[in-house]
Amino acid sequence: MRFHSVPLGLAVLLLQPFSLYAQPAPAPLSDPAFIAGSPTVAPVLTLAGAIERAFQHNPGLRAARRDIDIASGQRMQAGKIPNPEVSYLREGQQKDRRTTTVQLNQEIELGGKRGARIASADRELDIATADVATYRATLRADVVTAFFDVLAAQERLTLAQASQELSQRVTGAASRRVTAGKISPVEETRARVAEASTKIELSQAANELALARQRLGATWGNKLGSAETLEAPQGLIGAHPTTAELLAHLPGSPQLARARLEIERQRALTDVERSRRIPNLTLSIGSKRDEQVGVRQTIVGLSVPFPLFDRNQGNILSALRRADKARDELVVAETSLSVELTQASLRLDSARGELVVLRNEILPGAQSAYEAATKGFELGKFNFLDVLDAQRTLNQAKSQYIRALAESHRAAADIERVVGNVEQHGRLINPTVSNQEQK
C-alpha cells in the first residue's frame with residue numbers, strides 16, 4: 001500500500017469540500033434489497049439525502065413551522081371587527097307600569113386601529129417565516145458538519161486499522177530477528193508496546209465514529225442505521241469565493257433579514273399603540289316601550305370615552321424604545337456576523353492550503369520514509385527506533401490531514417450558516433442539493 005494514492009474516501013472528500021461547490025443531483029436513499037440468491041445491498045446515505053431527511057423529520061424545524069400557523073391565525077384575528085352587543089333592560093315589576101328597553105350597541109374603531117393590527121400581524125407572520133428560513137440554514141449547516149464528521153471518523157478508523165496492521169508487521173519482523181539473534185529482545189518489546197498503542201487508537205477511533213454517527217442521526221431526531229453507509233459527494237471544486245465576495249452577500253443572511261423584520265414589527269407595534277390614543281365610538285340603537293303610557297320609542301345614542309388622563313403615553317414610549325433596541329440589535333448582528341463570516345472564510349482558506357501541502361508533499365514523503373524504514377528494518381539495515389520514528393511521523397501526517405479535512409468542511413458549513421441559502425449568491429455557489437430545499 002502506497003499512501004501517495006490517497007484513500008478513496010479522503011480523495012473524494014478533498015475534491016468536494018462541502019456544498020460551496022458543485023454537487024451531483026440528489027440520489028434517493030437505497031433500501032436493503034432482499035432478493036433470493038442475491039446479496040443484501042447496504043443502504044447508502046448521500047449528503048443530499050441526509051439534508052432532505054433532516055428537513056423532513058427534524059423536530060425543531062417542525063416546531064418552527066408551527067409558528068407560521070400560529071401567526072396566520074393571529075393575522076386572521078387581527079382583521080376582525082368588534083362584535084355588536086345586545087342589551088335588554090326592564091324597569092319596574094308591575095306589568096302596567098314597567099318599562100322595557102331593547103338596545104343594540106356597536107363599537108366603531110377609530111384612529112386606524114384595525115389597519116395597525118393587521119400590519120403588526122403581517123410582520124409577525126413575516127418573522128415566523130424568517131425564523132423557519134434561519135432554522136433551515138442552521139440545520140443544513142449542522143447536517144453538513146455532522147455528515148463530514150462521520151466521513152472523517154470513518155477515515156480515522158480506516159487509518160487506525162492500517163496502523164495496527166503495520167505495527168503487527170513490525171512486531172512480527174522484530175520477533176523473527178530476535179529469534180535469529182540479530183537484535184536485542186528490547187527491540188521486540190518496543191514493537192509490542194507500539195502495537196498496543198495502535199489498539200488503543202483503534203478503539204478510540206471506533207468510539208469516535210459511533211458518536212459522530214449518533215450526532216448525525218440526531219439532526220433528524222433518530223439514529224443513523226447501523227447498516228447505512230455514507231457516500232462522499234462527488235464533483236470538482238468550483239470557484240472559491242473570496243472573503244470580500246462573501247461579505248458582499250452578508251445582507252442576504254437569514255439572521256439579518258430576521259433582524260430587519262423585527263424593526264418593522266416594532267414600528268408596526270408602535271403604530272398600534274399610537275392608534276389607541278384615539279378612543280372608539282360606540283353607536284347605540286334600540287327601542288323602549290313604556291307600558292304606563294302605551295307607547296314605544298326609538299333610541300339612538302353615541303358614546304365615546306374622554307381621554308383626559310390616559311392617552312396611552314407609557315405604552316407608546318415603550319414601543320418607541322423597543323424599536324430603537326431592534327435597530328441597535330441589527331447593528332450588533334451585522335458586526336458579529338461579519339466577524340464570524342471573515343473568520344470562517346480565513347479558516348477555509350487555511351485548511352484548503354494545508355490540505356494541498358499535505359496531499360502533495362507531506363503524506364507521500366512520510367509514507368515513502370515509513371516503507372523504506374520498515375523494509376530496511378526487515379533487512380537489518382535500520383534499527384527499530386528508525387521504524388518507530390517513521391511510523392510516528394506518518395501517523396501524525398495522516399491525523400493532520402484528517403483534521404484539516406474536517407476543518408475545511410466545518411468552516412464551509414459555518415459560512416453557509418451565516419449567509420444562509422447560498423445558491424442565491426449567483427456564480428459563487430451552485431449546489432444541486434438546494435433543489436430539495438425548495439419544497
# chains A, B, ... in the order shown; residues from 1 in each chain; ligands from 1
$ residues_around --residues "stretch 167-171 of chain A" --least-positions-apart "5" --cutoff "10 Å" --atoms "only C-alpha atoms" --output "PyMOL selection string"
chain A and resi 161-162+176-177+187-199+374-375+377-378+384+387-388+391
$ residues_around --residues "A:Val132" --least-positions-apart "5" --cutoff "9 Å" --atoms "only C-alpha atoms" --output "ChimeraX atom specification"
/A:61,64-65,67-68,127,137
$ select_by_dssp --residues "stretch 119-338 of chain A" --states "helix (DSSP H, G or I)" --output "short mmCIF file (atom, residue, chain, number, x, y, z; two decimals) with C-alpha atoms, in the first residue's frame"
data_model
loop_
_atom_site.label_atom_id
_atom_site.label_comp_id
_atom_site.auth_asym_id
_atom_site.auth_seq_id
_atom_site.Cartn_x
_atom_site.Cartn_y
_atom_site.Cartn_z
CA ALA A 119 -49.88 45.44 9.71
CA SER A 120 -48.47 44.18 13.01
CA ALA A 121 -49.86 40.67 12.40
CA ASP A 122 -48.35 40.67 8.91
CA ARG A 123 -44.94 41.43 10.38
CA GLU A 124 -45.39 38.61 12.90
CA LEU A 125 -46.09 36.25 10.00
CA ASP A 126 -43.01 37.51 8.15
CA ILE A 127 -40.84 36.95 11.21
CA ALA A 128 -42.20 33.43 11.69
CA THR A 129 -41.32 32.68 8.07
CA ALA A 130 -37.86 34.21 8.54
CA ASP A 131 -37.33 32.11 11.66
CA VAL A 132 -38.01 28.97 9.64
CA ALA A 133 -35.51 30.09 6.98
CA THR A 134 -32.91 30.77 9.66
CA TYR A 135 -33.52 27.42 11.31
CA ARG A 136 -33.26 25.63 7.94
CA ALA A 137 -29.94 27.33 7.18
CA THR A 138 -28.59 26.41 10.61
CA LEU A 139 -29.92 22.85 10.35
CA ARG A 140 -28.44 22.41 6.89
CA ALA A 141 -25.04 23.55 8.15
CA ASP A 142 -25.33 21.22 11.14
CA VAL A 143 -26.13 18.27 8.87
CA VAL A 144 -23.18 19.05 6.60
CA THR A 145 -20.84 19.32 9.58
CA ALA A 146 -22.14 16.10 11.14
CA PHE A 147 -22.05 14.28 7.78
CA PHE A 148 -18.40 15.08 7.14
CA ASP A 149 -17.54 14.38 10.77
CA VAL A 150 -18.80 10.85 10.18
CA LEU A 151 -16.80 10.55 6.97
CA ALA A 152 -13.68 11.83 8.73
CA ALA A 153 -14.27 9.44 11.64
CA GLN A 154 -14.61 6.58 9.15
CA GLU A 155 -11.25 7.50 7.65
CA ARG A 156 -9.69 7.74 11.11
CA LEU A 157 -10.91 4.23 11.81
CA THR A 158 -9.52 3.01 8.49
CA LEU A 159 -6.17 4.62 9.20
CA ALA A 160 -6.13 3.18 12.72
CA GLN A 161 -6.77 -0.28 11.29
CA ALA A 162 -3.97 0.20 8.77
CA SER A 163 -1.63 1.40 11.52
CA GLN A 164 -2.41 -1.67 13.57
CA GLU A 165 -1.70 -3.94 10.62
CA LEU A 166 1.62 -2.20 10.01
CA SER A 167 2.51 -2.45 13.69
CA GLN A 168 1.78 -6.16 13.61
CA ARG A 169 4.12 -6.49 10.65
CA VAL A 170 6.86 -4.66 12.52
CA THR A 171 6.29 -6.76 15.63
CA GLY A 172 6.48 -9.96 13.59
CA ALA A 173 9.69 -8.85 11.93
CA ALA A 174 11.19 -7.87 15.29
CA SER A 175 10.27 -11.26 16.73
CA ARG A 176 11.92 -13.06 13.85
CA ARG A 177 15.10 -11.01 14.21
CA VAL A 178 15.22 -11.64 17.95
CA THR A 179 14.88 -15.37 17.28
CA PRO A 185 14.74 -8.55 22.83
CA VAL A 186 14.25 -4.95 23.94
CA GLU A 187 13.50 -4.05 20.33
CA GLU A 188 10.70 -6.61 20.24
CA THR A 189 9.28 -5.22 23.48
CA ARG A 190 9.22 -1.77 21.98
CA ALA A 191 7.46 -3.10 18.93
CA ARG A 192 4.80 -4.78 21.05
CA VAL A 193 4.28 -1.57 23.06
CA ALA A 194 3.80 0.35 19.82
CA GLU A 195 1.34 -2.30 18.64
CA ALA A 196 -0.62 -1.96 21.88
CA SER A 197 -0.79 1.80 21.30
CA THR A 198 -2.34 1.24 17.90
CA LYS A 199 -5.00 -0.94 19.53
CA ILE A 200 -5.89 1.94 21.83
CA GLU A 201 -6.04 4.30 18.86
CA LEU A 202 -8.26 1.83 17.03
CA SER A 203 -10.66 1.66 19.98
CA GLN A 204 -10.76 5.45 20.25
CA ALA A 205 -11.42 5.78 16.52
CA ALA A 206 -14.30 3.29 16.73
CA ASN A 207 -15.87 5.19 19.64
CA GLU A 208 -15.45 8.49 17.82
CA LEU A 209 -17.18 7.07 14.76
CA ALA A 210 -20.09 5.83 16.87
CA LEU A 211 -20.51 9.28 18.44
CA ALA A 212 -20.28 11.03 15.07
CA ARG A 213 -22.98 8.76 13.64
CA GLN A 214 -25.15 9.49 16.67
CA ARG A 215 -24.74 13.25 16.20
CA LEU A 216 -25.71 12.94 12.55
CA GLY A 217 -28.81 10.92 13.39
CA ALA A 218 -29.79 13.49 16.00
CA THR A 243 -13.84 36.99 1.84
CA ALA A 244 -14.83 40.24 0.13
CA GLU A 245 -17.32 38.40 -2.10
CA LEU A 246 -18.85 36.62 0.88
CA LEU A 247 -19.15 39.87 2.83
CA ALA A 248 -20.92 41.43 -0.16
CA LEU A 250 -23.89 39.19 4.02
CA PRO A 251 -27.01 41.44 3.79
CA GLY A 252 -28.87 38.39 2.46
CA PRO A 254 -31.38 35.00 7.16
CA GLN A 255 -30.36 36.33 10.56
CA LEU A 256 -30.02 39.88 9.26
CA ALA A 257 -33.27 39.55 7.33
CA ARG A 258 -34.94 38.50 10.54
CA ALA A 259 -33.41 41.46 12.42
CA ARG A 260 -34.71 43.89 9.79
CA LEU A 261 -38.17 42.37 10.02
CA GLU A 262 -38.03 42.82 13.78
CA ILE A 263 -37.51 46.54 13.26
CA GLU A 264 -40.56 46.66 11.01
CA ARG A 265 -42.57 44.68 13.55
CA GLN A 266 -41.67 47.09 16.34
CA ARG A 267 -42.65 50.01 14.13
CA ALA A 268 -45.98 48.36 13.45
CA LEU A 269 -46.50 47.79 17.19
CA THR A 270 -45.72 51.46 17.77
CA ASP A 271 -48.45 52.36 15.29
CA VAL A 272 -50.82 50.07 17.20
CA GLU A 273 -50.09 51.89 20.44
CA ARG A 274 -50.47 55.26 18.78
CA SER A 275 -53.84 54.28 17.36
CA GLN A 313 -48.38 57.60 26.79
CA GLY A 314 -46.43 54.89 28.61
CA ASN A 315 -47.13 52.15 26.05
CA ILE A 316 -46.17 54.46 23.19
CA LEU A 317 -42.87 55.31 24.86
CA SER A 318 -42.11 51.63 25.48
CA ALA A 319 -42.90 50.78 21.87
CA LEU A 320 -40.58 53.52 20.61
CA ARG A 321 -37.72 52.29 22.80
CA ARG A 322 -38.28 48.69 21.62
CA ALA A 323 -37.95 49.94 18.04
CA ASP A 324 -34.70 51.67 18.97
CA LYS A 325 -33.49 48.45 20.58
CA ALA A 326 -34.31 46.47 17.43
CA ARG A 327 -32.22 48.88 15.33
CA ASP A 328 -29.31 48.55 17.75
CA GLU A 329 -29.58 44.76 17.64
CA LEU A 330 -29.40 44.87 13.84
CA VAL A 331 -26.08 46.75 14.05
CA VAL A 332 -24.77 44.24 16.60
CA ALA A 333 -25.83 41.32 14.39
CA GLU A 334 -24.18 42.84 11.32
CA THR A 335 -20.90 43.32 13.18
CA SER A 336 -20.97 39.87 14.77
CA LEU A 337 -21.85 38.04 11.56
CA SER A 338 -19.24 39.99 9.60
#
$ residues_around --residues "A:Phe306" --least-positions-apart "5" --cutoff "12 Å" --atoms "only C-alpha atoms" --output "PyMOL selection string"
chain A and resi 277-281+311
$ closest_residue --among "A:Ala412, A:Val339, A:Val86, A:Ala369" --to "A:Thr393" --atoms "only C-alpha atoms"
A:Ala369
$ select_by_dssp --residues "stretch 147-388 of chain A" --states "strand (DSSP E)" --output "list in words"
Thr229, Leu230, Leu281, Thr282, Leu283, Ser284, Ile285, Gly286, Ser287, Lys288, Arg289, Asp290, Val295, Arg296, Gln297, Thr298, Ile299, Val300, Gly301, Leu302 and Ser303 of chain A
$ residues_around --residues "A:Ser408" --least-positions-apart "2" --cutoff "6 Å" --atoms "only C-alpha atoms" --output "list in words"
Leu348, Ala351, Leu405, Ala406, Arg410 and Ala411 of chain A
